[in-house]
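> What follows is a single structure, and I will ask about it in a moment.
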Amino acid sequence: MNRRMTRRETLASLFVLPAASIWRAPAQAPATDDLTSIDSDGTAHIKRAVPVPKTISSDAYDLIVSGKRWTPEPGTKQAADFTEKLMATFPVEITETTLAGVAIKVVIPKRAAAHKQERVLICLHGGGFTSDSGSSLEGATIAALTGIKVIAVEYRLAPQYPFPAAVADTVAVYRQVLRQYAPKKIGVYGTSAGAVLVAQMAVESRRLGLPLPAVLGFFSGYVDLARYGDSRFLYGTNGFTNFSSMLPALKGLGMVPYVGDHDRQDPVLSPMYADLKGFPPTLCMTSTRDHCLSGTVDFHRALLKAGVDARLMVFDALPHAFWYLFDLPESREALEAQASFLDRHLG
């Protein structure tokens, strides 16, 4: 039966073309210029001149320009002088002991406030899970700035003790601390591998039915050990330098001594795959030349998606865990921000 098309149908038909007649742009070769070439799989080969920005302090600028180490070589006179200056700047008393069968350092600030005696912070040190790169430093700075006792966990190290040994040790200490302190009086923080362990410990504690601490400090880490973000392919341990040391890990996936053959998407090992809802307030901190930049900002976004009170602080131009060099202006700002956030969220 014939039917007259309505005006609307007539107009609509003008914008409908047979699939075969739809024009498609021809496939183009990946974009290339003098400084950038792109492979067919999207891999970028880049060449850039990146000046040291004048937005940073003159001390940080001079250090980057010099190419010197950010912290002294262990076992040297410079290292001894560095430690002496640390203890003079952040006066604390450090005692080595054990708790729940795990080695710890108890860091007591010499200027502790009386009303903070019922609070405690647990520090999880960096070092790639294979060494202790800063338990005394990380403990002393935060203890002195907060006036709160810090328990630095000397968890077992890979490769002799791979995952989940470090998590088990940390949870054992945390479980013991819960017998002496209310959860709202406990904070947990760490840098680098210690930041990773902070998230792992929280996921495992909740899995075991333990109450979570009041606050977390996630300072330059990554919680997806199954995938890499951009920053792992851009930076070495000292920003743009020392990148060659990263290459062996980039051929596969990192932290092999710690991970072993464990499933990298295990939510305890890689908390990015865990349910993060109900996590405590968390401060995430990193810098723009940090190989953990992607991991830190990705974790921050995941926390926000889970409804967590998560804050992100990113410093310009500085390398991984730059606050270890505690006398830089940016480091002092970073440490004070860490201490303030932890202190503010404890009951």
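Starting from 1 in every chain, residues are counted up; chains themselves are A, B, ... following the order of the structure tokens, and ligands are numbered from 1 as listed.
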Per residue of region 164-205 of chain A within 12 Å of region 297-303 of chain A, record the nearest atom pair and its distance in Å to one decimal, counting only C-alpha atoms, with rows in chain order and ascending residue number, as a Markdown table.

```
| residue | atom | partner | partner_atom | distance |
| --- | --- | --- | --- | --- |
| A:Ala195 | CA | A:Phe299 | CA | 10.8 |
| A:Val196 | CA | A:Phe299 | CA | 10.2 |
| A:Ala199 | CA | A:Phe299 | CA | 9.5 |
```
> In region 43-262 of chain A, what's alpha helix (DSSP H) per DSSP? Answer as an NGL selection string?
:A and (58-66 or 77-89 or 135-146 or 165-178 or 193-207 or 247-250 or 256-259)
> Would you output that residue set with C-alpha atoms, as a PDB file, in the first residue's frame?

```pdb
ATOM      1  CA  SER A  58      67.353  27.293  44.370  1.00  0.00           C
ATOM      2  CA  ASP A  59      68.686  24.432  46.531  1.00  0.00           C
ATOM      3  CA  ALA A  60      66.735  21.824  44.562  1.00  0.00           C
ATOM      4  CA  TYR A  61      67.680  23.515  41.290  1.00  0.00           C
ATOM      5  CA  ASP A  62      71.399  23.472  42.105  1.00  0.00           C
ATOM      6  CA  LEU A  63      71.237  19.820  43.167  1.00  0.00           C
ATOM      7  CA  ILE A  64      69.542  18.731  39.957  1.00  0.00           C
ATOM      8  CA  VAL A  65      71.993  20.718  37.845  1.00  0.00           C
ATOM      9  CA  SER A  66      74.971  19.228  39.698  1.00  0.00           C
ATOM     10  CA  LYS A  77      81.671   9.876  56.248  1.00  0.00           C
ATOM     11  CA  GLN A  78      79.072  11.870  54.336  1.00  0.00           C
ATOM     12  CA  ALA A  79      76.453   9.348  55.423  1.00  0.00           C
ATOM     13  CA  ALA A  80      77.553   9.647  59.057  1.00  0.00           C
ATOM     14  CA  ASP A  81      77.390  13.434  58.841  1.00  0.00           C
ATOM     15  CA  PHE A  82      73.965  13.161  57.225  1.00  0.00           C
ATOM     16  CA  THR A  83      72.677  11.002  60.107  1.00  0.00           C
ATOM     17  CA  GLU A  84      74.145  13.365  62.695  1.00  0.00           C
ATOM     18  CA  LYS A  85      72.387  16.294  61.044  1.00  0.00           C
ATOM     19  CA  LEU A  86      69.136  14.296  60.875  1.00  0.00           C
ATOM     20  CA  MET A  87      69.172  13.620  64.608  1.00  0.00           C
ATOM     21  CA  ALA A  88      70.023  17.236  65.390  1.00  0.00           C
ATOM     22  CA  THR A  89      67.192  18.493  63.202  1.00  0.00           C
ATOM     23  CA  SER A 135      63.266   3.302  58.703  1.00  0.00           C
ATOM     24  CA  SER A 136      65.257   5.586  61.012  1.00  0.00           C
ATOM     25  CA  LEU A 137      64.896   8.612  58.753  1.00  0.00           C
ATOM     26  CA  GLU A 138      61.196   8.075  58.041  1.00  0.00           C
ATOM     27  CA  GLY A 139      60.544   7.400  61.698  1.00  0.00           C
ATOM     28  CA  ALA A 140      62.572  10.301  63.080  1.00  0.00           C
ATOM     29  CA  THR A 141      61.188  13.009  60.801  1.00  0.00           C
ATOM     30  CA  ILE A 142      57.528  12.188  61.399  1.00  0.00           C
ATOM     31  CA  ALA A 143      57.917  11.445  65.116  1.00  0.00           C
ATOM     32  CA  ALA A 144      59.629  14.782  65.728  1.00  0.00           C
ATOM     33  CA  LEU A 145      57.192  16.779  63.608  1.00  0.00           C
ATOM     34  CA  THR A 146      54.054  15.197  65.085  1.00  0.00           C
ATOM     35  CA  ALA A 165      56.097 -12.204  54.569  1.00  0.00           C
ATOM     36  CA  ALA A 166      56.260  -8.387  54.791  1.00  0.00           C
ATOM     37  CA  VAL A 167      52.462  -8.154  54.932  1.00  0.00           C
ATOM     38  CA  ALA A 168      52.257 -10.848  57.603  1.00  0.00           C
ATOM     39  CA  ASP A 169      54.872  -9.108  59.746  1.00  0.00           C
ATOM     40  CA  THR A 170      53.173  -5.734  59.426  1.00  0.00           C
ATOM     41  CA  VAL A 171      49.732  -7.117  60.250  1.00  0.00           C
ATOM     42  CA  ALA A 172      51.182  -8.982  63.241  1.00  0.00           C
ATOM     43  CA  VAL A 173      52.599  -5.735  64.615  1.00  0.00           C
ATOM     44  CA  TYR A 174      49.364  -3.884  63.861  1.00  0.00           C
ATOM     45  CA  ARG A 175      47.305  -6.559  65.609  1.00  0.00           C
ATOM     46  CA  GLN A 176      49.498  -6.204  68.697  1.00  0.00           C
ATOM     47  CA  VAL A 177      49.272  -2.408  68.594  1.00  0.00           C
ATOM     48  CA  LEU A 178      45.465  -2.720  68.511  1.00  0.00           C
ATOM     49  CA  ALA A 193      57.871  -0.020  48.985  1.00  0.00           C
ATOM     50  CA  GLY A 194      56.573   1.099  52.363  1.00  0.00           C
ATOM     51  CA  ALA A 195      53.711   2.925  50.634  1.00  0.00           C
ATOM     52  CA  VAL A 196      52.854  -0.247  48.729  1.00  0.00           C
ATOM     53  CA  LEU A 197      52.914  -2.145  52.008  1.00  0.00           C
ATOM     54  CA  VAL A 198      50.608   0.408  53.655  1.00  0.00           C
ATOM     55  CA  ALA A 199      47.900  -0.419  51.123  1.00  0.00           C
ATOM     56  CA  GLN A 200      48.599  -4.160  51.249  1.00  0.00           C
ATOM     57  CA  MET A 201      48.442  -4.169  55.040  1.00  0.00           C
ATOM     58  CA  ALA A 202      45.095  -2.343  55.016  1.00  0.00           C
ATOM     59  CA  VAL A 203      43.551  -4.789  52.538  1.00  0.00           C
ATOM     60  CA  GLU A 204      44.825  -7.802  54.484  1.00  0.00           C
ATOM     61  CA  SER A 205      43.756  -6.381  57.851  1.00  0.00           C
ATOM     62  CA  ARG A 206      40.219  -5.906  56.625  1.00  0.00           C
ATOM     63  CA  ARG A 207      40.209  -9.396  55.093  1.00  0.00           C
ATOM     64  CA  LEU A 247      65.519  -1.479  32.221  1.00  0.00           C
ATOM     65  CA  PRO A 248      65.763  -5.096  33.446  1.00  0.00           C
ATOM     66  CA  ALA A 249      62.498  -4.765  35.364  1.00  0.00           C
ATOM     67  CA  LEU A 250      60.758  -3.065  32.444  1.00  0.00           C
ATOM     68  CA  VAL A 256      60.315 -10.021  41.124  1.00  0.00           C
ATOM     69  CA  PRO A 257      62.264 -10.919  44.303  1.00  0.00           C
ATOM     70  CA  TYR A 258      59.236  -9.867  46.358  1.00  0.00           C
ATOM     71  CA  VAL A 259      56.427 -11.125  44.107  1.00  0.00           C
TER      72      VAL A 259
END
```
> Can you tell me, as a PyMOL selection string, which residues in region 55-185 of chain A count as strand (DSSP E or B) by DSSP?
chain A and resi 92-99+102-109+120-124+150-153
> In terms of the shortest atom-to-atom distance over only C-alpha atoms, which of A:Glu154, A:Asp224, A:Glu96, A:Asp33 is closest to Leu269 (chain A)?
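Of A:Glu154, A:Asp224, A:Glu96, A:Asp33, the one nearest Leu269 (chain A), counting only C-alpha atoms, is A:Asp224.
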> What does the distance from CA of Ala158 (chain A) to CA of Gly127 (chain A) come to in Å, to one decimal?
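These atoms are spaced 10.4 Å apart.
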